[in-house]
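Enquirer: Contents of input-v2.pdb (PDB, C-alpha atoms, pLDDT in the B column):
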```pdb
ATOM      1  CA  MET A   1       1.206  15.453   1.257  1.00 42.00           C
ATOM      2  CA  LYS A   2      -0.397  14.082   4.361  1.00 46.00           C
ATOM      3  CA  THR A   3       0.863  10.848   5.881  1.00 48.00           C
ATOM      4  CA  ALA A   4      -0.894   8.928   8.589  1.00 50.00           C
ATOM      5  CA  ASN A   5       1.829   8.379  11.138  1.00 47.00           C
ATOM      6  CA  VAL A   6      -0.391   9.401  14.046  1.00 51.00           C
ATOM      7  CA  GLU A   7      -3.429   7.269  13.348  1.00 66.00           C
ATOM      8  CA  ASN A   8      -5.228   5.848  16.303  1.00 79.00           C
ATOM      9  CA  ASP A   9      -5.649   2.081  15.989  1.00 83.00           C
ATOM     10  CA  HIS A  10      -8.431   2.171  18.571  1.00 83.00           C
ATOM     11  CA  LEU A  11     -10.482   4.561  16.430  1.00 89.00           C
ATOM     12  CA  LEU A  12      -9.882   2.474  13.319  1.00 91.00           C
ATOM     13  CA  MET A  13     -10.822  -0.720  15.123  1.00 89.00           C
ATOM     14  CA  SER A  14     -14.158   0.762  16.154  1.00 91.00           C
ATOM     15  CA  ALA A  15     -14.854   2.106  12.651  1.00 94.00           C
ATOM     16  CA  SER A  16     -17.009   0.288  10.128  1.00 95.00           C
ATOM     17  CA  LEU A  17     -15.370  -1.641   7.312  1.00 96.00           C
ATOM     18  CA  SER A  18     -16.493   1.052   4.858  1.00 96.00           C
ATOM     19  CA  GLU A  19     -14.950   3.777   7.018  1.00 96.00           C
ATOM     20  CA  ILE A  20     -11.639   1.929   7.294  1.00 96.00           C
ATOM     21  CA  ILE A  21     -11.588   1.388   3.534  1.00 97.00           C
ATOM     22  CA  ALA A  22     -12.317   5.065   2.895  1.00 96.00           C
ATOM     23  CA  HIS A  23      -9.456   5.958   5.227  1.00 95.00           C
ATOM     24  CA  VAL A  24      -7.033   3.574   3.498  1.00 96.00           C
ATOM     25  CA  VAL A  25      -7.956   4.873   0.047  1.00 97.00           C
ATOM     26  CA  ASP A  26      -8.076   8.577   0.938  1.00 96.00           C
ATOM     27  CA  VAL A  27      -4.963   8.652   3.107  1.00 94.00           C
ATOM     28  CA  HIS A  28      -2.654   5.768   2.286  1.00 95.00           C
ATOM     29  CA  HIS A  29      -3.423   4.986  -1.349  1.00 96.00           C
ATOM     30  CA  ALA A  30      -3.446   8.680  -2.261  1.00 96.00           C
ATOM     31  CA  PHE A  31      -0.116   9.140  -0.480  1.00 96.00           C
ATOM     32  CA  VAL A  32       1.437   6.128  -2.217  1.00 95.00           C
ATOM     33  CA  ARG A  33       0.396   7.446  -5.626  1.00 95.00           C
ATOM     34  CA  ASP A  34       1.809  10.913  -4.961  1.00 95.00           C
ATOM     35  CA  GLN A  35       4.968   9.725  -3.258  1.00 96.00           C
ATOM     36  CA  THR A  36       5.902   7.183  -5.949  1.00 95.00           C
ATOM     37  CA  GLN A  37       5.762  10.054  -8.462  1.00 95.00           C
ATOM     38  CA  SER A  38       7.871  12.240  -6.184  1.00 95.00           C
ATOM     39  CA  ILE A  39      10.493   9.513  -5.752  1.00 96.00           C
ATOM     40  CA  ASP A  40      10.581   8.999  -9.515  1.00 95.00           C
ATOM     41  CA  GLN A  41      11.177  12.742 -10.042  1.00 95.00           C
ATOM     42  CA  HIS A  42      14.065  12.720  -7.548  1.00 95.00           C
ATOM     43  CA  ILE A  43      15.660   9.740  -9.276  1.00 94.00           C
ATOM     44  CA  ARG A  44      15.268  11.451 -12.656  1.00 93.00           C
ATOM     45  CA  GLU A  45      17.040  14.509 -11.225  1.00 92.00           C
ATOM     46  CA  LEU A  46      19.937  12.274 -10.217  1.00 91.00           C
ATOM     47  CA  MET A  47      19.919  10.585 -13.635  1.00 89.00           C
ATOM     48  CA  ASN A  48      20.081  13.965 -15.380  1.00 89.00           C
ATOM     49  CA  SER A  49      22.993  15.019 -13.168  1.00 87.00           C
ATOM     50  CA  ASN A  50      24.821  11.706 -13.537  1.00 83.00           C
ATOM     51  CA  VAL A  51      24.355  10.856 -17.218  1.00 82.00           C
ATOM     52  CA  GLY A  52      25.655   7.376 -17.983  1.00 81.00           C
ATOM     53  CA  ASN A  53      25.747   6.227 -14.358  1.00 83.00           C
ATOM     54  CA  THR A  54      24.463   2.661 -14.515  1.00 86.00           C
ATOM     55  CA  ARG A  55      23.763   2.554 -10.768  1.00 88.00           C
ATOM     56  CA  ILE A  56      21.197   5.354 -11.098  1.00 89.00           C
ATOM     57  CA  ALA A  57      19.673   3.679 -14.157  1.00 89.00           C
ATOM     58  CA  GLU A  58      19.319   0.439 -12.160  1.00 91.00           C
ATOM     59  CA  LEU A  59      17.721   2.306  -9.254  1.00 90.00           C
ATOM     60  CA  HIS A  60      15.333   3.966 -11.671  1.00 92.00           C
ATOM     61  CA  GLN A  61      14.354   0.601 -13.136  1.00 93.00           C
ATOM     62  CA  LEU A  62      13.883  -0.940  -9.686  1.00 92.00           C
ATOM     63  CA  ASN A  63      11.753   2.029  -8.637  1.00 94.00           C
ATOM     64  CA  GLN A  64       9.646   1.644 -11.787  1.00 94.00           C
ATOM     65  CA  THR A  65       9.103  -2.039 -10.943  1.00 93.00           C
ATOM     66  CA  LEU A  66       8.204  -1.225  -7.341  1.00 93.00           C
ATOM     67  CA  ALA A  67       5.806   1.559  -8.346  1.00 95.00           C
ATOM     68  CA  SER A  68       4.162  -0.698 -10.944  1.00 95.00           C
ATOM     69  CA  GLU A  69       3.733  -3.570  -8.463  1.00 94.00           C
ATOM     70  CA  ILE A  70       2.201  -1.236  -5.904  1.00 95.00           C
ATOM     71  CA  ALA A  71      -0.128   0.352  -8.469  1.00 96.00           C
ATOM     72  CA  VAL A  72      -1.425  -3.063  -9.557  1.00 95.00           C
ATOM     73  CA  HIS A  73      -1.877  -4.116  -5.923  1.00 95.00           C
ATOM     74  CA  ILE A  74      -3.814  -0.946  -5.086  1.00 96.00           C
ATOM     75  CA  ARG A  75      -6.017  -1.436  -8.159  1.00 96.00           C
ATOM     76  CA  LYS A  76      -6.839  -4.996  -7.032  1.00 94.00           C
ATOM     77  CA  GLU A  77      -7.816  -3.677  -3.628  1.00 95.00           C
ATOM     78  CA  GLU A  78      -9.869  -0.749  -4.901  1.00 97.00           C
ATOM     79  CA  ASP A  79     -11.528  -2.530  -7.827  1.00 95.00           C
ATOM     80  CA  VAL A  80     -12.105  -6.005  -6.378  1.00 91.00           C
ATOM     81  CA  LEU A  81     -11.380  -6.561  -2.699  1.00 93.00           C
ATOM     82  CA  PHE A  82     -12.668  -3.342  -1.158  1.00 95.00           C
ATOM     83  CA  PRO A  83     -16.007  -3.432  -3.032  1.00 93.00           C
ATOM     84  CA  ALA A  84     -16.360  -7.074  -1.937  1.00 90.00           C
ATOM     85  CA  ILE A  85     -15.698  -6.104   1.683  1.00 92.00           C
ATOM     86  CA  ILE A  86     -18.291  -3.336   1.430  1.00 93.00           C
ATOM     87  CA  SER A  87     -20.768  -5.864  -0.031  1.00 87.00           C
ATOM     88  CA  LEU A  88     -19.929  -8.184   2.843  1.00 87.00           C
ATOM     89  CA  GLU A  89     -20.646  -5.401   5.298  1.00 90.00           C
ATOM     90  CA  LYS A  90     -24.001  -4.720   3.605  1.00 88.00           C
ATOM     91  CA  ALA A  91     -24.861  -8.431   3.661  1.00 83.00           C
ATOM     92  CA  SER A  92     -23.982  -8.536   7.344  1.00 84.00           C
ATOM     93  CA  GLU A  93     -26.253  -5.588   8.037  1.00 83.00           C
ATOM     94  CA  LEU A  94     -29.054  -7.383   6.179  1.00 79.00           C
ATOM     95  CA  LYS A  95     -28.112 -10.665   7.885  1.00 71.00           C
ATOM     96  CA  ALA A  96     -28.259 -12.392   4.524  1.00 60.00           C
ATOM     97  CA  ALA A  97     -25.462 -14.113   2.652  1.00 54.00           C
ATOM     98  CA  ASN A  98     -26.288 -13.623  -0.992  1.00 54.00           C
ATOM     99  CA  ALA A  99     -24.282 -14.852  -3.980  1.00 46.00           C
ATOM    100  CA  ASN A 100     -24.313 -11.314  -5.401  1.00 49.00           C
ATOM    101  CA  LEU A 101     -23.076  -9.799  -2.156  1.00 51.00           C
ATOM    102  CA  LEU A 102     -20.383 -12.398  -1.432  1.00 56.00           C
ATOM    103  CA  PRO A 103     -18.481 -12.854  -4.703  1.00 53.00           C
ATOM    104  CA  PHE A 104     -15.626 -14.935  -3.206  1.00 59.00           C
ATOM    105  CA  LYS A 105     -14.289 -16.235   0.075  1.00 77.00           C
ATOM    106  CA  MET A 106     -12.760 -13.172   1.679  1.00 82.00           C
ATOM    107  CA  SER A 107      -9.990 -14.878   3.651  1.00 84.00           C
ATOM    108  CA  SER A 108      -8.509 -16.517   0.541  1.00 84.00           C
ATOM    109  CA  ARG A 109      -8.344 -13.256  -1.404  1.00 86.00           C
ATOM    110  CA  ILE A 110      -6.958 -11.418   1.612  1.00 91.00           C
ATOM    111  CA  ARG A 111      -4.166 -13.976   2.078  1.00 89.00           C
ATOM    112  CA  LEU A 112      -3.117 -13.489  -1.546  1.00 88.00           C
ATOM    113  CA  LEU A 113      -2.931  -9.730  -1.144  1.00 89.00           C
ATOM    114  CA  MET A 114      -1.011 -10.087   2.121  1.00 90.00           C
ATOM    115  CA  LEU A 115       1.569 -12.188   0.250  1.00 91.00           C
ATOM    116  CA  GLU A 116       1.832  -9.392  -2.306  1.00 90.00           C
ATOM    117  CA  ASP A 117       2.503  -6.984   0.581  1.00 91.00           C
ATOM    118  CA  GLU A 118       5.455  -9.157   1.604  1.00 91.00           C
ATOM    119  CA  GLY A 119       6.788  -9.003  -1.951  1.00 90.00           C
ATOM    120  CA  THR A 120       6.421  -5.217  -1.947  1.00 91.00           C
ATOM    121  CA  LYS A 121       8.330  -4.935   1.324  1.00 91.00           C
ATOM    122  CA  TYR A 122      11.080  -7.146  -0.152  1.00 92.00           C
ATOM    123  CA  LEU A 123      11.361  -4.995  -3.298  1.00 91.00           C
ATOM    124  CA  LEU A 124      11.367  -1.826  -1.208  1.00 93.00           C
ATOM    125  CA  SER A 125      14.166  -3.124   1.020  1.00 93.00           C
ATOM    126  CA  HIS A 126      16.313  -3.859  -2.055  1.00 91.00           C
ATOM    127  CA  PHE A 127      15.543  -0.452  -3.482  1.00 92.00           C
ATOM    128  CA  ILE A 128      16.546   1.226  -0.209  1.00 93.00           C
ATOM    129  CA  LYS A 129      19.788  -0.770  -0.079  1.00 93.00           C
ATOM    130  CA  GLY A 130      20.555   0.261  -3.648  1.00 90.00           C
ATOM    131  CA  VAL A 131      19.931   3.923  -2.892  1.00 91.00           C
ATOM    132  CA  ALA A 132      22.080   3.703   0.245  1.00 90.00           C
ATOM    133  CA  ALA A 133      24.922   2.175  -1.778  1.00 89.00           C
ATOM    134  CA  PHE A 134      24.933   5.106  -4.204  1.00 86.00           C
ATOM    135  CA  HIS A 135      27.509   7.766  -3.424  1.00 86.00           C
ATOM    136  CA  PRO A 136      26.483  11.068  -4.969  1.00 86.00           C
ATOM    137  CA  SER A 137      28.947  13.625  -6.223  1.00 85.00           C
ATOM    138  CA  PRO A 138      28.992  16.899  -4.268  1.00 88.00           C
ATOM    139  CA  HIS A 139      26.871  18.690  -6.890  1.00 88.00           C
ATOM    140  CA  THR A 140      24.137  16.020  -6.683  1.00 88.00           C
ATOM    141  CA  GLU A 141      24.096  15.751  -2.889  1.00 89.00           C
ATOM    142  CA  PRO A 142      20.963  17.960  -2.492  1.00 91.00           C
ATOM    143  CA  ALA A 143      18.941  15.836  -4.947  1.00 90.00           C
ATOM    144  CA  TYR A 144      20.167  12.676  -3.238  1.00 93.00           C
ATOM    145  CA  LYS A 145      19.099  13.974   0.181  1.00 93.00           C
ATOM    146  CA  LYS A 146      15.637  14.808  -1.191  1.00 94.00           C
ATOM    147  CA  LEU A 147      15.396  11.272  -2.546  1.00 95.00           C
ATOM    148  CA  LEU A 148      16.404   9.767   0.802  1.00 95.00           C
ATOM    149  CA  ALA A 149      13.846  11.895   2.651  1.00 96.00           C
ATOM    150  CA  ALA A 150      11.083  10.952   0.181  1.00 96.00           C
ATOM    151  CA  ILE A 151      11.922   7.251   0.511  1.00 95.00           C
ATOM    152  CA  GLU A 152      11.961   7.444   4.313  1.00 95.00           C
ATOM    153  CA  ILE A 153       8.493   9.013   4.403  1.00 96.00           C
ATOM    154  CA  PHE A 154       7.236   6.515   1.811  1.00 96.00           C
ATOM    155  CA  GLU A 155       8.582   3.527   3.750  1.00 95.00           C
ATOM    156  CA  SER A 156       7.050   4.761   7.000  1.00 94.00           C
ATOM    157  CA  ASP A 157       3.623   5.296   5.445  1.00 94.00           C
ATOM    158  CA  LEU A 158       3.761   1.996   3.558  1.00 94.00           C
ATOM    159  CA  LYS A 159       4.460   0.102   6.791  1.00 92.00           C
ATOM    160  CA  ARG A 160       1.584   1.924   8.472  1.00 94.00           C
ATOM    161  CA  HIS A 161      -0.678   1.282   5.469  1.00 94.00           C
ATOM    162  CA  ILE A 162       0.091  -2.443   5.535  1.00 94.00           C
ATOM    163  CA  HIS A 163      -0.480  -2.526   9.303  1.00 93.00           C
ATOM    164  CA  VAL A 164      -3.917  -0.912   8.981  1.00 95.00           C
ATOM    165  CA  GLU A 165      -4.954  -3.373   6.300  1.00 95.00           C
ATOM    166  CA  ASN A 166      -3.376  -6.551   7.695  1.00 93.00           C
ATOM    167  CA  SER A 167      -3.987  -5.964  11.398  1.00 93.00           C
ATOM    168  CA  ILE A 168      -7.274  -4.061  11.428  1.00 95.00           C
ATOM    169  CA  LEU A 169      -9.258  -4.114   8.175  1.00 96.00           C
ATOM    170  CA  PHE A 170      -8.657  -7.656   6.960  1.00 95.00           C
ATOM    171  CA  PRO A 171      -9.126  -9.481  10.286  1.00 94.00           C
ATOM    172  CA  LYS A 172     -12.321  -7.503  10.874  1.00 95.00           C
ATOM    173  CA  ALA A 173     -13.616  -8.388   7.395  1.00 93.00           C
ATOM    174  CA  ILE A 174     -12.830 -12.066   7.965  1.00 92.00           C
ATOM    175  CA  ARG A 175     -14.657 -12.000  11.320  1.00 91.00           C
ATOM    176  CA  VAL A 176     -17.706 -10.387   9.704  1.00 89.00           C
ATOM    177  CA  GLU A 177     -17.670 -12.993   6.927  1.00 87.00           C
ATOM    178  CA  GLU A 178     -17.333 -15.875   9.393  1.00 85.00           C
ATOM    179  CA  GLN A 179     -20.164 -14.533  11.538  1.00 84.00           C
ATOM    180  CA  LEU A 180     -22.385 -13.977   8.549  1.00 81.00           C
ATOM    181  CA  LEU A 181     -21.771 -17.444   7.169  1.00 75.00           C
ATOM    182  CA  LYS A 182     -22.548 -18.977  10.590  1.00 77.00           C
ATOM    183  CA  THR A 183     -25.860 -17.150  10.841  1.00 73.00           C
ATOM    184  CA  THR A 184     -26.963 -17.989   7.300  1.00 62.00           C
ATOM    185  CA  ASN A 185     -26.072 -21.695   7.217  1.00 57.00           C
TER
END
```
Please express the file's structure as structure tokens.

Expert:
Amino acid sequence: MKTANVENDHLLMSASLSEIIAHVVDVHHAFVRDQTQSIDQHIRELMNSNVGNTRIAELHQLNQTLASEIAVHIRKEEDVLFPAIISLEKASELKAANANLLPFKMSSRIRLLMLEDEGTKYLLSHFIKGVAAFHPSPHTEPAYKKLLAAIEIFESDLKRHIHVENSILFPKAIRVEEQLLKTTN
């Protein structure tokens, strides 16, 4: 699975809002979906090799919570926020703020999703600490190493994903909204 650890911020900053959104969805959201399934499979391998180990069961539950939170967050972005940003971009191109094109104040919705990102990072840090505290038996060491590698890649891409949204996409969308509202008032 492709991660985006070599993205060029300069190229993303010069891209349209629609192009940045397409990039986030095609690269980062797709990776998150695949990698959360991969991590779950690795944890299940450990569970099957360590039947009755409550630590693994707790890690599995925490991973399920993390994956669920991320899935809901991504759905909010893809179903609500990103279409609104694309509508904002279209309104900006038309130089017309229209109630149908601007369904809500962008900055307020963005701040809420950025707070969710902080919660996700918090959950992920606890999950990583829990995995690090687990000491596998020699026969489960290979599965444990696969899990660690999958989590490391996931964490790296998630940080990059959040950076692209919070530092490039969202500020640009807010600037477009502010400019559009200035020109139409």

Enquirer: Could you state the separation of atom CA of Ile85 of chain A and atom CA of Lys172 of chain A in Å, given to one decimal place?

Expert: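 Rounded to one decimal, the two atoms are 9.9 Å apart.
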
Enquirer: Just give me the gap between atom CA of Ser156 of chain A and atom CA of Asn48 of chain A in Å, one decimal is fine.

Expert: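 That distance, rounded to one decimal, is 27.5 Å.
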
Enquirer: Show me, as a ChimeraX atom specification, the residues that have an atom within 8 Å of segment 127-131 of chain A when counting only C-alpha atoms, minus same-chain residues fewer than 4 positions from it.

Expert: /A:59,62-63,123,148,151

Enquirer: Give the answer as one residue: which of A:Pro83, A:Gln35, A:Thr140, A:Met114 has the shortest atom-to-atom distance to Val51 of chain A, using all atoms listed in the file?

Expert: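 Between A:Pro83, A:Gln35, A:Thr140, A:Met114, the residue approaching Val51 of chain A most closely is A:Thr140.
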
Enquirer: Exactly which residues make up the result of the PyMOL selection byres ((chain A and resi 150) around 9) on this file, given as a ChimeraX atom specification?

Expert: /A:35-36,38-39,42,145-149,151-155

Enquirer: Show me, as a list in words, the residues that have an atom within 12 Å of Ser14 of chain A when counting all atoms listed in the file, minus same-chain residues fewer than 6 positions from it.

Expert: Asn8, Ile20, Ile168, Leu169 and Lys172 of chain A

Enquirer: Which residues match the PyMOL selection byres ((chain A and resi 116) around 12) in the file above, as a list in words?

Expert: Leu66, Glu69, Ile70, Ala71, Val72, His73, Ile74, Lys76, Glu77, Arg109, Ile110, Arg111, Leu112, Leu113, Met114, Leu115, Asp117, Glu118, Gly119, Thr120, Lys121, Tyr122, Leu123, Ile162 and Asn166 of chain A

Enquirer: Report the distance between atom CA of Gly52 of chain A and atom CA of Ser68 of chain A in Å, rounded to one decimal place.

Expert: 24.0 Å

Enquirer: To test your reading of the syntax: which residues would the PyMOL selection byres ((chain A and resi 178) around 12) return for the file shown? Reply as a short mmCIF file (atom, residue, chain, number, x, y, z; two decimals) with C-alpha atoms, in the coordinates of the input.

Expert:
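Saved to expr_37.cif:
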```cif
data_model
loop_
_atom_site.label_atom_id
_atom_site.label_comp_id
_atom_site.auth_asym_id
_atom_site.auth_seq_id
_atom_site.Cartn_x
_atom_site.Cartn_y
_atom_site.Cartn_z
CA LEU A 88 -19.93 -8.18 2.84
CA GLU A 89 -20.65 -5.40 5.30
CA SER A 92 -23.98 -8.54 7.34
CA ALA A 97 -25.46 -14.11 2.65
CA LEU A 102 -20.38 -12.40 -1.43
CA LYS A 105 -14.29 -16.24 0.08
CA MET A 106 -12.76 -13.17 1.68
CA SER A 107 -9.99 -14.88 3.65
CA PRO A 171 -9.13 -9.48 10.29
CA LYS A 172 -12.32 -7.50 10.87
CA ALA A 173 -13.62 -8.39 7.40
CA ILE A 174 -12.83 -12.07 7.96
CA ARG A 175 -14.66 -12.00 11.32
CA VAL A 176 -17.71 -10.39 9.70
CA GLU A 177 -17.67 -12.99 6.93
CA GLN A 179 -20.16 -14.53 11.54
CA LEU A 180 -22.38 -13.98 8.55
CA LEU A 181 -21.77 -17.44 7.17
CA LYS A 182 -22.55 -18.98 10.59
CA THR A 183 -25.86 -17.15 10.84
CA THR A 184 -26.96 -17.99 7.30
CA ASN A 185 -26.07 -21.70 7.22
#
```

Enquirer: Please determine, counting all atoms listed in the file, which residue among A:Ala91, A:Val27, A:Ala67, A:Leu81 has the shortest atom-to-atom distance to Arg160 of chain A.

Expert: A:Val27

Enquirer: I'd like to know which of A:Glu165, A:Glu93, A:Glu19, A:Glu141 is closest to Glu45 of chain A, using only C-alpha atoms.

Expert: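 Closest residue, counting only C-alpha atoms: A:Glu141.
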
Enquirer: Quick one: 5 Å padding each side, axis-aligned, all listed atoms of segment 38-49 of chain A - centre and edge lengths in Å to one decimal, as lines of an AutoDock Vina configuration file?

Expert:
```
center_x = 15.4
center_y = 12.0
center_z = -10.6
size_x = 25.1
size_y = 16.0
size_z = 19.6
```

Enquirer: Using all atoms listed in the file, determine which residues lie at most 9 Å from His60 of chain A, disregarding the query and same-chain residues fewer than 5 positions distant; provide the list as a list in words.

Expert: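 Answer for this query is Asp40, Ile43, Arg44, Met47, Arg55 and Thr65 of chain A.
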
Enquirer: Would you mind telling me which residue in A:Ser125, A:Arg75, A:Pro138, A:Leu94 lies nearest to Val25 of chain A when using all atoms listed in the file?

Expert: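 With all atoms listed in the file as the atom set, the closest residue is A:Arg75.
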
Enquirer: Rank nothing, just name the residue among A:Asp34, A:Ile86, A:Val164, A:Ser49 nearest to Ser137 of chain A, using all atoms listed in the file.

Expert: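 Of the candidates, the smallest distance to Ser137 of chain A is held by A:Ser49.
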
Enquirer: Please complete segment 116-128 of chain A with N, CA and C atoms and give it back as a short mmCIF file (atom, residue, chain, number, x, y, z; two decimals), keeping the file's coordinate frame.

Expert:
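Heads up, here's the output in selection24.cif:
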```
data_model
loop_
_atom_site.label_atom_id
_atom_site.label_comp_id
_atom_site.auth_asym_id
_atom_site.auth_seq_id
_atom_site.Cartn_x
_atom_site.Cartn_y
_atom_site.Cartn_z
N GLU A 116 1.34 -10.46 -1.44
CA GLU A 116 1.83 -9.39 -2.31
C GLU A 116 2.48 -8.29 -1.47
N ASP A 117 1.90 -7.98 -0.31
CA ASP A 117 2.50 -6.98 0.58
C ASP A 117 3.92 -7.39 0.97
N GLU A 118 4.11 -8.67 1.25
CA GLU A 118 5.46 -9.16 1.60
C GLU A 118 6.42 -8.96 0.44
N GLY A 119 5.96 -9.23 -0.77
CA GLY A 119 6.79 -9.00 -1.95
C GLY A 119 7.14 -7.53 -2.12
N THR A 120 6.18 -6.66 -1.86
CA THR A 120 6.42 -5.22 -1.95
C THR A 120 7.47 -4.79 -0.93
N LYS A 121 7.34 -5.29 0.29
CA LYS A 121 8.33 -4.93 1.32
C LYS A 121 9.73 -5.42 0.92
N TYR A 122 9.80 -6.60 0.31
CA TYR A 122 11.08 -7.15 -0.15
C TYR A 122 11.69 -6.25 -1.24
N LEU A 123 10.87 -5.89 -2.23
CA LEU A 123 11.36 -5.00 -3.30
C LEU A 123 11.81 -3.66 -2.72
N LEU A 124 11.03 -3.11 -1.81
CA LEU A 124 11.37 -1.83 -1.21
C LEU A 124 12.68 -1.92 -0.45
N SER A 125 12.90 -2.99 0.27
CA SER A 125 14.17 -3.12 1.02
C SER A 125 15.36 -3.16 0.07
N HIS A 126 15.22 -3.83 -1.07
CA HIS A 126 16.31 -3.86 -2.06
C HIS A 126 16.52 -2.49 -2.69
N PHE A 127 15.44 -1.80 -2.93
CA PHE A 127 15.54 -0.45 -3.48
C PHE A 127 16.27 0.47 -2.50
N ILE A 128 15.91 0.39 -1.23
CA ILE A 128 16.55 1.23 -0.21
C ILE A 128 18.04 0.90 -0.10
#
```
